[in-house]
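Accompanying notes for the structure given below.
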Amino acid sequence: MTNTCFTCIGKSHGAPAIPATREAWEKLRNEKWLAHMCRRIVAGEEKLKGKLPIWTPACVEFKGNHRAVKDVLKPLPRLMLDFDEKGHSKEILEKSLRLHKEGRWEILLVEESVRKGTHVLITLPQGMTPQEAQQRFSEDVGFTADPALKDVARCIYMVPAEHTLFVNEALFSPVDVDKFRHGFHGLHGSRPLPNEVCDHQPEATETQRYENPCNPCNPCQKEYAGIPYTEIIETLEEQMGGKPDVGSRNNFIFSMACHLRYICNDDPEWIAQVLPTYGEEKEKFIATVKSACQRIQTKQMPRIIKRTLAICKRNSELITQSEADSQVPPEMPKNLPPLIRLLVSRTPEIYRPAVAHAVFPSLGAHLYNTRFRYIDNCYHEATLATLLMAGTGSGKSSVNTPIDYIMADIRKRDELNMEKERNWKRDTQSKGANKDKKQRPEGIVIQCIDADITSAAFVQRMADAEGRFLYARMNEIEQLYNLSSRGNSHNVFDLLCFCFDYGNLYGQTRISAASVSEKVTVRFNYNVSTTIRKGQHFFRNVLTDGPLSRINICTIPERPIGSEMPVYGTYDDTFAEELKPYIERLNAARGLVECPEASALSRRLVEECADFARLSQSRVYENFSFRGNVIAFLKAMVLYVAHGEVWTEEMEDFVRWSLQYDLWCKMRFFGEAIEAQEEGGLKLPAKGPQNLLDQLPEVFTREEAGLMRQRMGIRSGSLRQMLGNWTYRGYIELYGEELPKQDLNRQRYIKTEEYLRKHPQR
C-alpha cells in the first residue's frame, strides 16, 4: 500500500483540505460513524450533510490547505461527474465499466452518493475540456450529468466504503503533477484562472455574457470578500437543502438569485455568470434571474447569506458556523400567528422582530382578573415588559403605531375618566377650604399613564385601576426613575421586579390627609426604548439582581450606510377593524385560563434551554432562561386568548423564536459584563454562549474537548464534569476501548445518534 498522497481530505465543507494518502482515505470511509451519518441523511436529516468530511478528487494539495482555485498547487487530470437521478447507480456502473473495458474512458471510481445518486470519477483525456468530456461521457453512458461542473478545487462529500461500487487502482497511482500543471488551463476549457486578465478576446455582447456563465471577459469579480463565487454558491446550495430535483429547478434558481443579489451588486448579468443553470433551458434561466432581480426585497443582507459567508471564511479566519450564528439574531418564522402577522403587516421587514416583541405589554394590559398556571404550578398574570435596545436613528419609533392601535380602546375609556377627574378637581378648587368639598369619585380607572408621572400619582392610578393593568410607553430609559418615590435607582429596580412577580404590594404611607397613602398590588406593563449604551449603563449595578431577567429585550439591526429608507404601510380603519376581534377577546377573558399545548411547549423549552446551558457551560444563559421561559409562556397564553383559545403550530414556532431571540439579546448586550462580574472582573470574549459539542468533530478526543474549553474561555466546572455530564445525558459515548489513566487525553468519544437527531447542523 503506497504512502503517496493522492487527494486532500477535510473534516467538513469549510475545514482545511489536507493532503491525504490512500490509507487515510480508506480508513475514513470505513468509520462506523460515517456510515451511521449517511443512513440518517438518507432517512431525511438533510442538514447533517454539512457535517460530512470531504475530499478533492482533482487536487492533491492546496496552498495553506485552503481549498480554492487560486490556491491549487497540485491539480490532477480528473473529472468527477455527478448523476442526480436516483436509483440508476447499478445501470450507470454497468455502462461505465463497459466503456472502461472498451478503452473509450478510464473509470477511476463509481460510487453511490449520499442521496442515492451516482458519482463517476474519470481521467480527463488529453486535449479535452471538462465541458466536452462531460457531454461526451453523458452521451456514451446514456444519462445526463449535472451541468454544474466540479472544477479542480471542488470537493465531494465522503461516503462510506459500502457505497463504493467500483474502484480502480489507477486512482491511487502517482501522477506527474508538474507536467499536468502546465496544462492546468485545459481543465477549464482554455479559460484563464480567477484574477487573471483576459486581453486577447473582443468584448462579449450582452447576450453572450448571459449565455456563458463562465465568460472570462465579463467585468464582474471572481470573488466576494476574498471568497471565490464557486465556493459561495456550493455552500449556499447546502444551506438551501442541496441541488434541486427536476421540477423544482426554476424556484431554486429564483431563490438563489434573490440571495446572490446581495453580493453581486444587484446585477442580473453578474448573477447569471456565477450561478449554474442546474440543467434549466438558457432562456428560461436568464428570465428567472432577471425576475428575481426585479423583486422588491430588503437591503439588509439576510441571515442565510451571512451564514454562508461565515462558513466559507471558517478556514482562514477560524470562524465556526456556531460563532457566525451567534453574531446574528435568530431568524423570525415566516409563518406567524394571525394577530402577529397583522401587527407587523405594515412594518418594514427590518423592524418586524422588534414590533413582534414590543406589542405584548399593551396586549397583556387588556386582560383583567385573568390568571395562567405555569408548569411549576405557580400562578401568573400577563405581566409583560419590553426593552428595545438599538442604535441612534435605528428606527425605535417603529413600534409606536401598532401599540397605539392596540391601546386605542383603553385610551378612549381613559379620556372619559380623565374628564370626570378634571371636573372633580375644578369643583374642589372652586370651594377653597369649605367643608362641602366632594370626595374623589370612585371608578376613575385610567390605565395609560404618562412617562413623567410622579411616584404618588403612579400609586394613586394603580389604586384607582381596581385590579387592571397600568401601561406606559417610555422613549428614554431614565424615565423609569419617575416611578420611584426617591426619584433615583434606590428602589426603582425593586419596582421593576414587583411588576413581573405576581401579587407583590407596593405603595407609600403619608400622614397628610391630602397625600396619597396606598398599598396596592403592582400591575404595570410597559415599553421602554433606549440606545444600547444607555441600557447597559442603566442596569450596570444590578446585572445579577433580577430586573434584567424579568424584562423581554429586543433590538433592531444596524442598516448599511447609505441604504434606502424603510417604507411603512398604511395604518387605517381597515387595520383597526381587523385588530378589533383580537382585542375584544382579550377584554372578555376572566378567571383561570389553561392551555395544555402551551404548557407542553414550556416543558420542551425548559429542557431545550437546559440542553444548551449544559452544552455551552454558560451559567449566565441558564439563569436568564428561567424567567425567559416564563415570559415566553405568558406570550403564548396572550396569543391563545386573543385567538379565541385556539392553539396552532404557528404559535409554537413564534413562541420558541421569541424566547431564543430574547435570550440572544440578553447575552449579546449583558452576557459578557455578567460573566466578567462573576469572574471577579475577568474579561471574556463577547460571543455569547455557544454549543461546545457542536464545535467538536463527530469523533473527538478528551484533549480536543479541553482545548475547546480553553479557546471558548470556559472556566466554570471542569473538563471531567463536562464530559461526564454529556455522557450521562446521552450526548456522547466512548468510541473504542477505554484507555488507561496515563493515556486519558487520547480517549475518544463519539456523538450519539440521539444527540445528532436533536441537534442537526444549522
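Within each chain, counting starts at residue 1; across the C-alpha cells, chains are named A, B, ... in the order shown, with ligands numbered 1 upward in that order.
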Just list the residues in range 88-141 of chain A DSSP gives strand (DSSP E or B) on the backbone, as a list in words.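 Restricting range 88-141 of chain A to strand (DSSP E or B) produces Ile107, Leu108, Leu109, Val110, Glu111, Glu112, Thr118, His119, Val120, Leu121, Ile122 and Thr123 of chain A.
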| said: Could you list, as a ChimeraX atom specification, every residue within 10 Å of range 411-419 of chain A, counting only C-alpha atoms and ignoring same-chain residues fewer than 4 positions away? | reply: /A:404-407,423-425,441,443-449
Point-to-point distance in Å for CA of Met708 in chain A and CA of Arg757 in chain A: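 Those two atoms sit 22.6 Å apart.
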| request: Would you please extract all helix (DSSP H, G or I) residues from range 336-538 of chain A, as assigned by DSSP on the backbone, and give them as a PyMOL selection string? | output: chain A and resi 338-343+349-358+360-364+396-406+408-430+455-464+477-483+489-500+532-538
Problem set entry | Counting only C-alpha atoms, the residue of A:Gly247, A:Gly50, A:Gly671, A:Pro581 that sits nearest Tyr621 in chain A |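 Going through A:Gly247, A:Gly50, A:Gly671, A:Pro581 one by one, the smallest distance to Tyr621 in chain A is for A:Gly671.
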Residue with the minimum atom-to-atom distance to Leu28 in chain A, picked from A:Ala457, A:Ile9, A:Ala15, A:Val620 with only C-alpha atoms counted, is A:Ile9
What's the 8 Å shell around range 557-562 of chain A, counting only C-alpha atoms, without same-chain residues fewer than 4 positions away, as an mmCIF file with N, CA and C atoms, in the first residue's frame?
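What landed in result03.cif:
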data_model
loop_
_atom_site.group_PDB
_atom_site.id
_atom_site.type_symbol
_atom_site.label_atom_id
_atom_site.label_comp_id
_atom_site.auth_asym_id
_atom_site.auth_seq_id
_atom_site.Cartn_x
_atom_site.Cartn_y
_atom_site.Cartn_z
ATOM 1 N N GLN A 300 -31.154 44.841 3.690
ATOM 2 C CA GLN A 300 -30.376 44.193 4.745
ATOM 3 C C GLN A 300 -29.981 42.792 4.308
ATOM 4 N N ILE A 350 -37.173 45.033 8.358
ATOM 5 C CA ILE A 350 -36.060 45.175 9.302
ATOM 6 C C ILE A 350 -36.558 45.439 10.728
ATOM 7 N N ALA A 390 -31.396 49.663 20.767
ATOM 8 C CA ALA A 390 -30.889 49.776 19.396
ATOM 9 C C ALA A 390 -30.149 51.098 19.254
ATOM 10 N N GLY A 391 -29.387 51.230 18.183
ATOM 11 C CA GLY A 391 -28.569 52.417 17.966
ATOM 12 C C GLY A 391 -29.388 53.666 17.694
ATOM 13 N N SER A 394 -31.945 54.233 14.570
ATOM 14 C CA SER A 394 -32.173 52.887 14.024
ATOM 15 C C SER A 394 -33.640 52.623 13.704
#
* Selection: 8 Å around range 132-142 of chain A, only C-alpha atoms, excl. self and same-chain fewer than 4 positions, as a list in words ->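 The neighbour list is Leu81, Ile92, Lys95, Ser96, Leu99, Leu124, Pro125 and Met128 of chain A.
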query: Phe62 in chain A: which residues within 7 Å, counting only C-alpha atoms, same-chain residues fewer than 6 positions away excluded, as a count of residues only?
result: 3
Polymer residues at most 12 Å from Ile583 in chain A, only C-alpha atoms, same-chain spacing of 6 or more positions, as number ranges by chain
A: 339, 360, 362-367, 403, 405-410, 576-577, 589, 638-639, 641-644
Residues from last step as file, N, CA and C atoms, as a PDB file, in the first residue's frame:
ATOM      1  N   LEU A 339     -52.606  37.210  14.575  1.00  0.00           N
ATOM      2  CA  LEU A 339     -52.525  38.505  15.251  1.00  0.00           C
ATOM      3  C   LEU A 339     -51.164  39.159  15.019  1.00  0.00           C
ATOM      4  N   PHE A 360     -46.536  43.015  23.052  1.00  0.00           N
ATOM      5  CA  PHE A 360     -47.122  42.175  24.101  1.00  0.00           C
ATOM      6  C   PHE A 360     -47.476  42.908  25.396  1.00  0.00           C
ATOM      7  N   SER A 362     -48.752  45.863  25.762  1.00  0.00           N
ATOM      8  CA  SER A 362     -50.044  46.520  25.538  1.00  0.00           C
ATOM      9  C   SER A 362     -51.161  45.495  25.349  1.00  0.00           C
ATOM     10  N   LEU A 363     -50.862  44.366  24.698  1.00  0.00           N
ATOM     11  CA  LEU A 363     -51.879  43.313  24.584  1.00  0.00           C
ATOM     12  C   LEU A 363     -52.234  42.766  25.961  1.00  0.00           C
ATOM     13  N   GLY A 364     -51.210  42.509  26.783  1.00  0.00           N
ATOM     14  CA  GLY A 364     -51.450  41.978  28.120  1.00  0.00           C
ATOM     15  C   GLY A 364     -52.210  42.933  29.017  1.00  0.00           C
ATOM     16  N   ALA A 365     -52.083  44.248  28.755  1.00  0.00           N
ATOM     17  CA  ALA A 365     -52.772  45.241  29.571  1.00  0.00           C
ATOM     18  C   ALA A 365     -54.287  45.162  29.427  1.00  0.00           C
ATOM     19  N   HIS A 366     -54.792  44.488  28.415  1.00  0.00           N
ATOM     20  CA  HIS A 366     -56.237  44.345  28.217  1.00  0.00           C
ATOM     21  C   HIS A 366     -56.838  43.242  29.090  1.00  0.00           C
ATOM     22  N   LEU A 367     -56.010  42.371  29.610  1.00  0.00           N
ATOM     23  CA  LEU A 367     -56.517  41.259  30.414  1.00  0.00           C
ATOM     24  C   LEU A 367     -56.828  41.733  31.833  1.00  0.00           C
ATOM     25  N   ILE A 403     -48.671  49.823  18.642  1.00  0.00           N
ATOM     26  CA  ILE A 403     -49.082  49.893  20.048  1.00  0.00           C
ATOM     27  C   ILE A 403     -50.235  50.879  20.221  1.00  0.00           C
ATOM     28  N   TYR A 405     -52.589  51.584  18.159  1.00  0.00           N
ATOM     29  CA  TYR A 405     -53.840  50.950  17.723  1.00  0.00           C
ATOM     30  C   TYR A 405     -54.315  49.909  18.736  1.00  0.00           C
ATOM     31  N   ILE A 406     -53.386  49.180  19.337  1.00  0.00           N
ATOM     32  CA  ILE A 406     -53.766  48.194  20.351  1.00  0.00           C
ATOM     33  C   ILE A 406     -54.405  48.881  21.557  1.00  0.00           C
ATOM     34  N   MET A 407     -53.854  50.029  21.945  1.00  0.00           N
ATOM     35  CA  MET A 407     -54.317  50.725  23.150  1.00  0.00           C
ATOM     36  C   MET A 407     -55.458  51.697  22.872  1.00  0.00           C
ATOM     37  N   ALA A 408     -55.962  51.762  21.652  1.00  0.00           N
ATOM     38  CA  ALA A 408     -56.968  52.768  21.286  1.00  0.00           C
ATOM     39  C   ALA A 408     -58.216  52.668  22.155  1.00  0.00           C
ATOM     40  N   ASP A 409     -58.722  51.462  22.408  1.00  0.00           N
ATOM     41  CA  ASP A 409     -59.953  51.329  23.190  1.00  0.00           C
ATOM     42  C   ASP A 409     -59.739  51.748  24.640  1.00  0.00           C
ATOM     43  N   ILE A 410     -58.574  51.402  25.209  1.00  0.00           N
ATOM     44  CA  ILE A 410     -58.285  51.794  26.590  1.00  0.00           C
ATOM     45  C   ILE A 410     -58.122  53.304  26.691  1.00  0.00           C
ATOM     46  N   ALA A 576     -57.599  48.742  11.860  1.00  0.00           N
ATOM     47  CA  ALA A 576     -58.277  48.777  13.159  1.00  0.00           C
ATOM     48  C   ALA A 576     -59.390  47.743  13.239  1.00  0.00           C
ATOM     49  N   GLU A 577     -60.131  47.582  12.162  1.00  0.00           N
ATOM     50  CA  GLU A 577     -61.230  46.609  12.147  1.00  0.00           C
ATOM     51  C   GLU A 577     -60.702  45.186  12.234  1.00  0.00           C
ATOM     52  N   ALA A 589     -61.834  38.025  28.507  1.00  0.00           N
ATOM     53  CA  ALA A 589     -61.299  36.891  29.280  1.00  0.00           C
ATOM     54  C   ALA A 589     -61.405  37.150  30.783  1.00  0.00           C
ATOM     55  N   VAL A 638     -51.266  34.820  26.040  1.00  0.00           N
ATOM     56  CA  VAL A 638     -51.902  36.011  25.462  1.00  0.00           C
ATOM     57  C   VAL A 638     -52.358  35.711  24.035  1.00  0.00           C
ATOM     58  N   LEU A 639     -51.498  35.054  23.268  1.00  0.00           N
ATOM     59  CA  LEU A 639     -51.878  34.683  21.901  1.00  0.00           C
ATOM     60  C   LEU A 639     -53.048  33.700  21.907  1.00  0.00           C
ATOM     61  N   VAL A 641     -55.452  33.342  24.137  1.00  0.00           N
ATOM     62  CA  VAL A 641     -56.702  34.034  24.449  1.00  0.00           C
ATOM     63  C   VAL A 641     -57.138  34.907  23.276  1.00  0.00           C
ATOM     64  N   ALA A 642     -56.207  35.643  22.687  1.00  0.00           N
ATOM     65  CA  ALA A 642     -56.543  36.563  21.596  1.00  0.00           C
ATOM     66  C   ALA A 642     -57.081  35.830  20.374  1.00  0.00           C
ATOM     67  N   HIS A 643     -56.696  34.587  20.194  1.00  0.00           N
ATOM     68  CA  HIS A 643     -57.162  33.803  19.043  1.00  0.00           C
ATOM     69  C   HIS A 643     -58.357  32.921  19.393  1.00  0.00           C
ATOM     70  N   GLY A 644     -59.071  33.283  20.445  1.00  0.00           N
ATOM     71  CA  GLY A 644     -60.279  32.530  20.788  1.00  0.00           C
ATOM     72  C   GLY A 644     -59.999  31.208  21.446  1.00  0.00           C
TER      73      GLY A 644
END
Students should find that CA of Glu704 in chain A and CA of Gly64 in chain A are spaced 22.0 Å
Practice task
Could you jot down the CA of Lys243 in chain A to CA of Tyr278 in chain A separation for me, Å, one decimal place?
Solution key: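 Going from CA of Lys243 in chain A over to CA of Tyr278 in chain A covers 7.9 Å.
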